[in-house]
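Asker: protein_4.txt is reproduced in full below (compact mmCIF, C-alpha atoms).
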# COMPACT_ATOMS: atom_id res chain seq x y z
CA MET A 1 -138.92 114.56 87.10
CA VAL A 2 -136.50 115.47 89.80
CA SER A 3 -137.50 118.17 92.19
CA ASP A 4 -135.38 121.27 92.57
CA ALA A 5 -134.51 120.38 96.17
CA VAL A 6 -133.09 116.99 95.15
CA ALA A 7 -131.06 118.55 92.30
CA VAL A 8 -129.66 121.20 94.66
CA GLY A 9 -128.83 118.49 97.22
CA VAL A 10 -127.04 116.33 94.62
CA LEU A 11 -125.10 119.33 93.27
CA THR A 12 -124.18 120.39 96.81
CA PHE A 13 -123.02 116.85 97.60
CA LEU A 14 -120.92 116.68 94.41
CA GLY A 15 -119.43 120.13 95.06
CA THR A 16 -118.55 119.20 98.62
CA GLY A 17 -116.99 115.91 97.44
CA LEU A 18 -114.93 117.67 94.77
CA ALA A 19 -113.76 120.36 97.22
CA THR A 20 -112.83 117.67 99.76
CA ALA A 21 -110.96 115.63 97.11
CA GLY A 22 -109.12 118.76 95.93
CA GLY A 23 -108.16 119.67 99.48
CA LEU A 24 -106.95 116.14 100.17
CA TRP A 25 -104.93 116.10 96.97
CA GLN A 26 -103.33 119.46 97.86
CA TRP A 27 -102.58 118.27 101.39
CA GLN A 28 -100.89 115.11 100.03
CA ARG A 29 -98.77 117.20 97.66
CA THR A 30 -97.73 119.48 100.52
CA GLN A 31 -96.84 116.48 102.69
CA ALA A 32 -94.79 114.94 99.85
CA ARG A 33 -92.99 118.24 99.22
CA GLU A 34 -92.16 118.59 102.92
CA ALA A 35 -90.96 114.96 103.05
CA ARG A 36 -88.70 115.58 100.02
CA ALA A 37 -87.30 118.75 101.57
CA ASN A 38 -86.68 116.94 104.87
CA PHE A 39 -85.01 114.03 103.09
CA ARG A 40 -82.80 116.40 101.08
CA THR A 41 -81.76 118.19 104.28
CA GLN A 42 -80.94 114.86 105.94
CA ARG A 43 -79.05 113.74 102.82
CA VAL A 44 -76.90 116.88 102.75
CA GLU A 45 -76.22 116.47 106.47
CA ALA A 46 -75.30 112.79 106.01
CA LEU A 47 -72.91 113.56 103.16
CA ARG A 48 -71.35 116.38 105.21
CA GLU A 49 -70.80 114.05 108.17
CA VAL A 50 -69.30 111.33 105.97
CA TRP A 51 -67.07 113.83 104.17
CA GLU A 52 -65.79 115.28 107.46
CA ALA A 53 -65.22 111.84 109.01
CA LEU A 54 -63.26 110.66 105.96
CA SER A 55 -61.25 113.88 105.90
CA ASP A 56 -60.42 113.46 109.60
CA LEU A 57 -59.38 109.84 108.99
CA GLU A 58 -57.13 110.84 106.11
CA GLU A 59 -55.66 113.77 108.05
CA SER A 60 -54.81 111.55 111.02
CA GLN A 61 -53.22 109.02 108.66
CA ARG A 62 -51.11 111.71 106.99
CA ARG A 63 -50.00 113.07 110.37
CA SER A 64 -49.14 109.57 111.46
CA ILE A 65 -46.92 109.01 108.44
CA THR A 66 -45.19 112.38 108.42
CA HIS A 67 -44.46 112.59 112.15
CA ARG A 68 -43.29 108.98 112.49
CA ASP A 69 -44.24 109.15 116.11
CA PRO A 70 -46.08 106.22 117.71
CA SER A 71 -48.20 108.64 119.71
CA THR A 72 -49.60 110.03 116.43
CA ALA A 73 -50.39 106.61 115.05
CA ALA A 74 -53.58 106.45 113.04
CA ASP A 75 -56.32 105.57 115.46
CA ARG A 76 -58.13 102.34 114.48
CA SER A 77 -61.20 103.57 116.31
CA ARG A 78 -61.54 106.30 113.67
CA LEU A 79 -62.07 103.64 111.01
CA THR A 80 -64.65 101.97 113.22
CA GLN A 81 -66.36 105.34 113.73
CA VAL A 82 -66.44 105.93 109.96
CA ASN A 83 -67.97 102.50 109.36
CA LEU A 84 -70.58 103.04 112.08
CA LEU A 85 -71.39 106.46 110.61
CA LEU A 86 -71.87 104.89 107.18
CA LEU A 87 -74.24 102.33 108.67
CA ARG A 88 -76.17 104.95 110.65
CA ARG A 89 -76.50 107.33 107.69
CA SER A 90 -77.06 104.66 105.02
CA PRO A 91 -80.75 105.53 104.47
CA PHE A 92 -79.62 108.92 103.14
CA LEU A 93 -76.68 107.71 101.05
CA ARG A 94 -76.86 106.08 97.65
CA PRO A 95 -75.19 102.69 97.27
CA ASP A 96 -72.41 104.12 95.11
CA GLU A 97 -71.69 106.81 97.71
CA GLN A 98 -71.45 104.18 100.44
CA GLU A 99 -69.15 102.11 98.25
CA TRP A 100 -66.91 105.11 97.51
CA ALA A 101 -66.73 106.09 101.18
CA GLN A 102 -65.90 102.54 102.30
CA ALA A 103 -63.25 102.18 99.59
CA LEU A 104 -61.75 105.55 100.52
CA ALA A 105 -61.48 104.52 104.18
CA GLN A 106 -59.99 101.18 103.12
CA HIS A 107 -57.32 102.86 100.99
CA VAL A 108 -56.39 105.27 103.79
CA THR A 109 -55.98 102.30 106.13
CA GLU A 110 -54.06 100.31 103.51
CA ILE A 111 -51.57 103.15 102.94
CA ASP A 112 -51.09 103.58 106.68
CA THR A 113 -50.55 99.84 107.14
CA LEU A 114 -48.00 99.69 104.31
CA PHE A 115 -45.96 102.57 105.70
CA ARG A 116 -46.06 101.16 109.23
CA ALA A 117 -45.00 97.72 108.04
CA GLN A 118 -42.10 99.25 106.16
CA GLU A 119 -41.02 101.28 109.21
CA GLN A 120 -41.20 98.25 111.51
CA GLY A 121 -39.23 96.13 109.05
CA GLY A 122 -36.29 98.50 109.26
CA HIS A 123 -36.60 99.51 105.62
CA ALA A 124 -37.79 103.01 106.36
CA ASP A 125 -35.74 105.82 104.92
CA PRO A 126 -37.70 109.06 105.29
CA GLU A 127 -35.56 110.65 102.57
CA TRP A 128 -35.48 107.71 100.15
CA TRP A 129 -36.41 109.90 97.19
CA ALA A 130 -33.31 112.05 97.76
CA THR A 131 -30.82 109.37 98.81
CA SER A 132 -31.56 106.44 96.55
CA MET A 133 -32.98 105.39 93.23
CA ALA A 134 -34.36 102.25 94.86
CA GLN A 135 -37.94 102.52 95.98
CA PRO A 136 -39.33 100.84 99.06
CA PRO A 137 -40.86 97.43 98.30
CA SER A 138 -44.39 98.56 99.04
CA PHE A 139 -44.16 101.85 97.15
CA HIS A 140 -46.05 100.72 94.06
CA ILE A 141 -48.91 99.32 96.18
CA ALA A 142 -49.11 102.52 98.23
CA ALA A 143 -48.93 104.63 95.07
CA ALA A 144 -51.83 102.71 93.50
CA ALA A 145 -53.85 103.06 96.69
CA ALA A 146 -53.06 106.79 96.82
CA GLN A 147 -54.15 107.23 93.21
CA GLN A 148 -57.40 105.39 93.90
CA LEU A 149 -57.84 107.45 97.08
CA THR A 150 -57.56 110.68 95.07
CA PHE A 151 -60.01 109.39 92.46
CA LEU A 152 -62.58 108.36 95.09
CA ARG A 153 -62.17 111.61 97.02
CA THR A 154 -62.88 113.54 93.80
CA LYS A 155 -65.97 111.45 92.98
CA LEU A 156 -67.41 111.72 96.47
CA GLY A 157 -66.56 115.44 96.68
CA ASP A 158 -68.23 116.13 93.32
CA ARG A 159 -71.37 114.27 94.43
CA TYR A 160 -71.43 116.12 97.75
CA ALA A 161 -71.09 119.46 95.96
CA ALA A 162 -73.85 118.53 93.49
CA VAL A 163 -76.22 117.56 96.31
CA VAL A 164 -75.51 120.77 98.22
CA ARG A 165 -76.14 122.81 95.05
CA GLY A 166 -79.36 120.89 94.42
CA ASP A 167 -78.16 119.43 91.10
CA SER A 168 -78.56 115.86 92.34
CA GLU A 169 -81.04 114.05 94.58
Please express what this file holds, its structure, as structure tokens.
Answerer:
Amino acid sequence: MVSDAVAVGVLTFLGTGLATAGGLWQWQRTQAREARANFRTQRVEALREVWEALSDLEESQRRSITHRDPSTAADRSRLTQVNLLLLRRSPFLRPDEQEWAQALAQHVTEIDTLFRAQEQGGHADPEWWATSMAQPPSFHIAAAAAQQLTFLRTKLGDRYAAVVRGDSE
């Protein structure tokens, strides 16, 4: 039969192995939890940066249109900065969020371009809605882009709010 010393040694070895395995498993769970928390923090920060950059782009475009002053023209470097931000923060953004943000920036730029082209063509009447029933030629294109802009802003804003609340990964 097996001596008591061997049995105690085997049981001690098994106990040590189980304690080590349990500790390793707990350590891995802690590391995974910390990685998830860090990723969530980075994701919230990335969405915040994208939201603020898109808001700044849209604000500069609106100022550019309402002031009709060349010095307030929408800065093309802002669009480049938004695109670079999207590339830099892409590991923390879902593909649909990247698509929404890029489309939003594109619509802001499209609206700005349409209004500028109309102004440069001499067809600009800042009070057209009060002075005429005729709409500018590009109005329907700008209106569709503005509607899509509002839709995308709502989708991206809802996702950002859900991530901040913790309702979405």
Asker: For Ala161 of chain A, which of A:Arg43, A:Ala7, A:Gly15, A:Gly23 is the closest residue, counting all atoms listed in the file?
Answerer: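 Of all the options, A:Arg43 lies closest to Ala161 of chain A.
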Asker: Looking at only C-alpha atoms, which of A:Ala19, A:Val108, A:Ala145, A:Ala5 is the one that sits closest to Ile65 of chain A?
Answerer: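 That would be A:Val108, the residue with the smallest distance to Ile65 of chain A.
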Asker: Would you work out the distance separating atom CA of Val10 of chain A from atom CA of Gln26 of chain A, expressed in Å to one decimal?
Answerer: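 Computing the Euclidean distance for atom CA of Val10 of chain A and atom CA of Gln26 of chain A yields 24.1 Å.
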Asker: Kindly provide, as a list in words, the polymer residues lying within 9 Å of (-69.8, 106.5, 109.0), counting only C-alpha atoms and using the coordinates exactly as they appear in the file.
Answerer: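 Every polymer residue passing the test: Ala46, Glu49, Val50, Ala53, Leu54, Leu79, Thr80, Gln81, Val82, Asn83, Leu84, Leu85, Leu86, Leu87, Arg88, Arg89, Ser90, Ala101 and Gln102 of chain A.
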Asker: Is there a way to get, as a list in words, all residues within 12 Å of the point (-53.6, 104.7, 93.5) in file coordinates, counting only C-alpha atoms?
Answerer: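 Protein and nucleic acid residues near the point are Ala103, Leu104, His107, Val108, Glu110, Ile111, Phe139, His140, Ile141, Ala142, Ala143, Ala144, Ala145, Ala146, Gln147, Gln148, Leu149, Thr150, Phe151, Leu152 and Arg153 of chain A.
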Asker: Identify which of the residues A:Gln28, A:Thr41, A:Ser77, A:Thr16 lies closest to Gly166 of chain A, counting all atoms listed in the file when measuring atom-to-atom distances.
Answerer: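 That would be A:Thr41, the residue with the smallest distance to Gly166 of chain A.
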Asker: For Ser55 of chain A, which of A:Gly157, A:Leu11, A:Asp96, A:Trp25 is the closest residue, counting all atoms listed in the file?
Answerer: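 Closest residue, counting all atoms listed in the file: A:Gly157.
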Asker: Using atom CA of Gln31 of chain A and atom CA of Thr12 of chain A as the two end points, give the distance in Å to one decimal.
Answerer: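 Between atom CA of Gln31 of chain A and atom CA of Thr12 of chain A the gap works out to 28.2 Å.
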Asker: How many Å separate atom CA of Ser3 of chain A from atom CA of Ala21 of chain A?
Answerer: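 Result for atom CA of Ser3 of chain A versus atom CA of Ala21 of chain A: 27.1 Å, one decimal.
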Asker: Which residue gives the smallest distance to Thr66 of chain A among A:Glu99, A:Glu34, A:Asp112, A:Glu45, with all atoms listed in the file counted?
Answerer: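 Using all atoms listed in the file, the shortest distance to Thr66 of chain A belongs to A:Asp112.
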Asker: Counting all atoms listed in the file, figure out which residue out of A:Val8, A:Trp100, A:Asp158, A:Arg116 gets nearest to His67 of chain A.
Answerer: A:Arg116
Asker: Since the input has fewer atoms than a full residue there, write segment 150-161 of chain A out with all heavy atoms, as a compact mmCIF listing (two decimals), keeping the file's coordinate frame.
Answerer:
# COMPACT_ATOMS: atom_id res chain seq x y z
N THR A 150 -57.31 109.37 95.70
CA THR A 150 -57.56 110.68 95.07
C THR A 150 -58.77 110.62 94.15
O THR A 150 -59.62 111.52 94.16
CB THR A 150 -56.31 111.12 94.27
OG1 THR A 150 -55.21 111.17 95.16
CG2 THR A 150 -56.53 112.47 93.62
N PHE A 151 -58.88 109.56 93.38
CA PHE A 151 -60.01 109.39 92.46
C PHE A 151 -61.32 109.31 93.23
O PHE A 151 -62.31 109.99 92.89
CB PHE A 151 -59.78 108.11 91.63
CG PHE A 151 -60.93 107.76 90.73
CD1 PHE A 151 -61.20 108.51 89.61
CD2 PHE A 151 -61.73 106.66 91.01
CE1 PHE A 151 -62.25 108.18 88.77
CE2 PHE A 151 -62.79 106.33 90.19
CZ PHE A 151 -63.05 107.09 89.06
N LEU A 152 -61.36 108.52 94.29
CA LEU A 152 -62.58 108.36 95.09
C LEU A 152 -62.94 109.65 95.82
O LEU A 152 -64.12 110.00 95.92
CB LEU A 152 -62.42 107.21 96.08
CG LEU A 152 -62.38 105.82 95.47
CD1 LEU A 152 -61.90 104.80 96.49
CD2 LEU A 152 -63.73 105.44 94.91
N ARG A 153 -61.92 110.35 96.34
CA ARG A 153 -62.17 111.61 97.02
C ARG A 153 -62.80 112.61 96.05
O ARG A 153 -63.74 113.33 96.40
CB ARG A 153 -60.89 112.18 97.61
CG ARG A 153 -61.15 113.42 98.46
CD ARG A 153 -59.91 114.11 99.02
NE ARG A 153 -58.79 113.30 99.39
CZ ARG A 153 -57.65 113.23 98.69
NH1 ARG A 153 -57.50 113.91 97.59
NH2 ARG A 153 -56.65 112.49 99.12
N THR A 154 -62.32 112.64 94.82
CA THR A 154 -62.88 113.54 93.80
C THR A 154 -64.32 113.18 93.49
O THR A 154 -65.20 114.05 93.42
CB THR A 154 -62.02 113.50 92.53
OG1 THR A 154 -60.69 113.89 92.86
CG2 THR A 154 -62.57 114.43 91.46
N LYS A 155 -64.59 111.89 93.30
CA LYS A 155 -65.97 111.45 92.98
C LYS A 155 -66.94 111.79 94.11
O LYS A 155 -68.01 112.34 93.87
CB LYS A 155 -65.99 109.95 92.70
CG LYS A 155 -65.45 109.57 91.35
CD LYS A 155 -65.43 108.08 91.17
CE LYS A 155 -66.79 107.60 90.77
NZ LYS A 155 -66.79 106.22 90.28
N LEU A 156 -66.54 111.46 95.33
CA LEU A 156 -67.41 111.72 96.47
C LEU A 156 -67.57 113.22 96.70
O LEU A 156 -68.67 113.70 96.99
CB LEU A 156 -66.87 111.04 97.73
CG LEU A 156 -67.79 110.99 98.93
CD1 LEU A 156 -69.07 110.23 98.61
CD2 LEU A 156 -67.09 110.33 100.11
N GLY A 157 -66.50 113.98 96.52
CA GLY A 157 -66.56 115.44 96.68
C GLY A 157 -67.46 116.07 95.62
O GLY A 157 -68.23 116.99 95.93
N ASP A 158 -67.37 115.59 94.38
CA ASP A 158 -68.23 116.13 93.32
C ASP A 158 -69.70 115.82 93.61
O ASP A 158 -70.57 116.67 93.40
CB ASP A 158 -67.84 115.55 91.97
CG ASP A 158 -66.51 116.10 91.45
OD1 ASP A 158 -66.02 117.11 92.01
OD2 ASP A 158 -65.96 115.51 90.49
N ARG A 159 -69.98 114.62 94.10
CA ARG A 159 -71.37 114.27 94.43
C ARG A 159 -71.88 115.11 95.58
O ARG A 159 -73.00 115.61 95.56
CB ARG A 159 -71.45 112.78 94.78
CG ARG A 159 -72.82 112.29 95.20
CD ARG A 159 -73.87 112.29 94.08
NE ARG A 159 -73.48 111.47 92.97
CZ ARG A 159 -73.69 110.15 92.88
NH1 ARG A 159 -74.32 109.52 93.84
NH2 ARG A 159 -73.30 109.50 91.82
N TYR A 160 -71.05 115.29 96.60
CA TYR A 160 -71.43 116.12 97.75
C TYR A 160 -71.74 117.54 97.30
O TYR A 160 -72.76 118.13 97.67
CB TYR A 160 -70.29 116.09 98.78
CG TYR A 160 -70.47 116.96 100.00
CD1 TYR A 160 -71.70 117.11 100.62
CD2 TYR A 160 -69.40 117.63 100.55
CE1 TYR A 160 -71.85 117.90 101.75
CE2 TYR A 160 -69.54 118.42 101.67
CZ TYR A 160 -70.76 118.55 102.27
OH TYR A 160 -70.90 119.34 103.38
N ALA A 161 -70.88 118.10 96.46
CA ALA A 161 -71.09 119.46 95.96
C ALA A 161 -72.38 119.55 95.13
O ALA A 161 -73.14 120.52 95.25
CB ALA A 161 -69.91 119.91 95.12
